[in-house]
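Since the structure comes first, as structure tokens, the remarks are kept for the end.
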Amino acid sequence: QAQLVESGGGLVQPGGSLRLSCAASGPISSIYDMAWYRQAPGKQRELVAGISSGGNTNYADSVKGRFTISRDNAEKKVYLQMNSLKPEDTAVYYCSARRGLIWYWGQGTQVTVSS
């Protein structure tokens, strides 16, 4: 059974760093495009960063230069390194896996940036 499990969220002060991890299981493999999305209270879910099966990356303008997405295909994990965090980065962060029309989502991990 396909499953994505996020970890690494928490409370951090502005300017701090966090590293999110997403562990994939089941049929999710290196051929899937992976991404991190986030959803803040009262807002729509938005793409934060994506990494294709070939390793190409893309980022939302709001996180460029601060966040880095990476993947370890052997471990079936995806990471999101978040630096210089801002209060507006506060949201639930979701890991996703996509292959064609097939989508999988994790349960989300809360990131709160506050002093």
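Every chain in the structure tokens takes a letter, A first, then B, and so on in the order presented; its residues are numbered from 1, and the ligands are numbered from 1 following the presented order.
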Using DSSP on the backbone coordinates, identify all residues within stretch 16-98 of chain A classified as strand (DSSP E); present the result as a ChimeraX atom specification. /A:18-25,33-39,46-51,57-59,67-72,77-82,91-98
Spatial neighbours of A:Gln110, 8 Å, only C-alpha atoms, chain gap at least 5 places, as a PyMOL selection string: chain A and resi 9-10+90-93
Store the residues of this selection in a file with N, CA and C atoms, as a PDB file, in the first residue's frame.
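Output saved as out37.pdb:
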ATOM      1  N   GLY A   9       8.612  18.613  11.377  1.00  0.00           N
ATOM      2  CA  GLY A   9       7.988  19.902  11.650  1.00  0.00           C
ATOM      3  C   GLY A   9       8.149  20.293  13.110  1.00  0.00           C
ATOM      4  N   GLY A  10       7.748  21.525  13.416  1.00  0.00           N
ATOM      5  CA  GLY A  10       7.827  21.989  14.793  1.00  0.00           C
ATOM      6  C   GLY A  10       7.763  23.486  14.882  1.00  0.00           C
ATOM      7  N   THR A  90       4.618  29.724   8.146  1.00  0.00           N
ATOM      8  CA  THR A  90       3.797  28.896   9.022  1.00  0.00           C
ATOM      9  C   THR A  90       2.665  28.243   8.245  1.00  0.00           C
ATOM     10  N   ALA A  91       2.594  26.923   8.322  1.00  0.00           N
ATOM     11  CA  ALA A  91       1.591  26.159   7.574  1.00  0.00           C
ATOM     12  C   ALA A  91       1.733  24.683   7.911  1.00  0.00           C
ATOM     13  N   VAL A  92       0.781  23.917   7.433  1.00  0.00           N
ATOM     14  CA  VAL A  92       0.945  22.461   7.413  1.00  0.00           C
ATOM     15  C   VAL A  92       1.609  22.119   6.088  1.00  0.00           C
ATOM     16  N   TYR A  93       2.694  21.365   6.167  1.00  0.00           N
ATOM     17  CA  TYR A  93       3.456  20.991   4.983  1.00  0.00           C
ATOM     18  C   TYR A  93       3.145  19.539   4.620  1.00  0.00           C
TER      19      TYR A  93
END
Please list as a VMD selection string every residue within 6 Å of stretch 31-43 of chain A, counting only C-alpha atoms and excluding residues in the same chain fewer than 5 positions away. chain A and resid 48 to 53 91 to 99
Could you take the residues named above and write them with N, CA and C atoms, as a compact mmCIF listing (two decimals), in the first residue's frame?
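Saved result, part25.txt, follows:
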# COMPACT_ATOMS: atom_id res chain seq x y z
N VAL A 48 5.26 24.38 -2.83
CA VAL A 48 6.45 24.99 -2.25
C VAL A 48 7.67 24.65 -3.10
N ALA A 49 7.86 23.37 -3.37
CA ALA A 49 9.02 22.92 -4.14
C ALA A 49 8.74 21.55 -4.72
N GLY A 50 9.29 21.31 -5.90
CA GLY A 50 9.12 20.03 -6.54
C GLY A 50 10.44 19.51 -7.07
N ILE A 51 10.53 18.18 -7.16
CA ILE A 51 11.71 17.55 -7.74
C ILE A 51 11.23 16.39 -8.61
N SER A 52 11.65 16.41 -9.86
CA SER A 52 11.19 15.40 -10.80
C SER A 52 11.95 14.09 -10.60
N SER A 53 11.47 13.07 -11.30
CA SER A 53 12.17 11.78 -11.24
C SER A 53 13.59 11.91 -11.77
N ALA A 91 2.59 26.92 8.32
CA ALA A 91 1.59 26.16 7.57
C ALA A 91 1.73 24.68 7.91
N VAL A 92 0.78 23.92 7.43
CA VAL A 92 0.95 22.46 7.41
C VAL A 92 1.61 22.12 6.09
N TYR A 93 2.69 21.36 6.17
CA TYR A 93 3.46 20.99 4.98
C TYR A 93 3.15 19.54 4.62
N TYR A 94 2.84 19.36 3.33
CA TYR A 94 2.45 18.05 2.83
C TYR A 94 3.44 17.56 1.78
N CYS A 95 3.74 16.29 1.84
CA CYS A 95 4.56 15.64 0.82
C CYS A 95 3.62 15.00 -0.20
N SER A 96 3.99 15.07 -1.48
CA SER A 96 3.18 14.43 -2.51
C SER A 96 4.06 13.67 -3.47
N ALA A 97 3.47 12.64 -4.07
CA ALA A 97 4.12 11.84 -5.10
C ALA A 97 3.16 11.75 -6.28
N ARG A 98 3.69 11.95 -7.48
CA ARG A 98 2.82 11.93 -8.66
C ARG A 98 3.49 11.18 -9.80
N ARG A 99 2.65 10.36 -10.46
CA ARG A 99 3.08 9.72 -11.69
C ARG A 99 1.89 9.73 -12.62
With only C-alpha atoms as the counted atoms, please give the residues lying no more than 10 Å from A:Glu88, apart from itself and same-chain residues fewer than 6 positions off, as JSON, numbers by chain. {"A": [14, 40, 62, 112, 113, 114]}
Selection export as a CSV table (one decimal), in the first residue's frame, atoms kept: N, CA and C atoms:
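Result saved to selection-v8.csv:
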chain,number,residue,atom,x,y,z
A,14,PRO,N,11.8,33.0,14.0
A,14,PRO,CA,12.1,33.6,12.7
A,14,PRO,C,13.7,33.6,12.5
A,40,ALA,N,-1.7,27.1,4.7
A,40,ALA,CA,-1.9,28.0,5.9
A,40,ALA,C,-3.3,28.1,6.2
A,62,SER,N,8.4,32.6,-3.4
A,62,SER,CA,8.5,33.0,-2.0
A,62,SER,C,9.5,32.3,-1.2
A,112,THR,N,5.6,25.9,12.5
A,112,THR,CA,5.2,27.2,13.0
A,112,THR,C,6.4,28.0,13.3
A,113,VAL,N,6.4,29.2,12.7
A,113,VAL,CA,7.5,30.1,12.8
A,113,VAL,C,7.0,31.3,13.6
A,114,SER,N,7.6,31.4,14.8
A,114,SER,CA,7.1,32.4,15.8
A,114,SER,C,8.1,32.7,16.8
Between A:Phe67, A:Glu75, A:Trp103, A:Asn83, which has the minimum distance to A:Gly15 (counting only C-alpha atoms)? A:Asn83
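Closest approach to A:Ser84 among A:Thr68, A:Ser17, A:Asn56, A:Gln3 is made by A:Ser17 (distances from only C-alpha atoms).
Among the candidate residues A:Gln1, A:Thr109, A:Gln44, A:Val63, the one lying nearest to A:Gly26 is A:Gln1, with distances computed using only C-alpha atoms.
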Close residues, stretch 78-82 of chain A itself excluded, 7 Å, only C-alpha atoms, min 4 positions apart in chain, as a list of chain:residue names: A:Ser17, A:Leu18, A:Arg19, A:Leu20, A:Ser21, A:Cys22, A:Ala23, A:Arg66, A:Phe67, A:Thr68, A:Ile69, A:Ser70, A:Arg71, A:Asp72
Per DSSP on the backbone, what are the helix (DSSP H, G or I) residues of stretch 12-101 of chain A, as a PyMOL selection string? chain A and resi 61-63+87-89
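Rounded to one decimal, atom CA of A:Gly16 and atom CA of A:Ala60 lie 19.2 Å from each other.
One finds atom CA of A:Ser115 at 5.0 Å from atom CA of A:Gln13.
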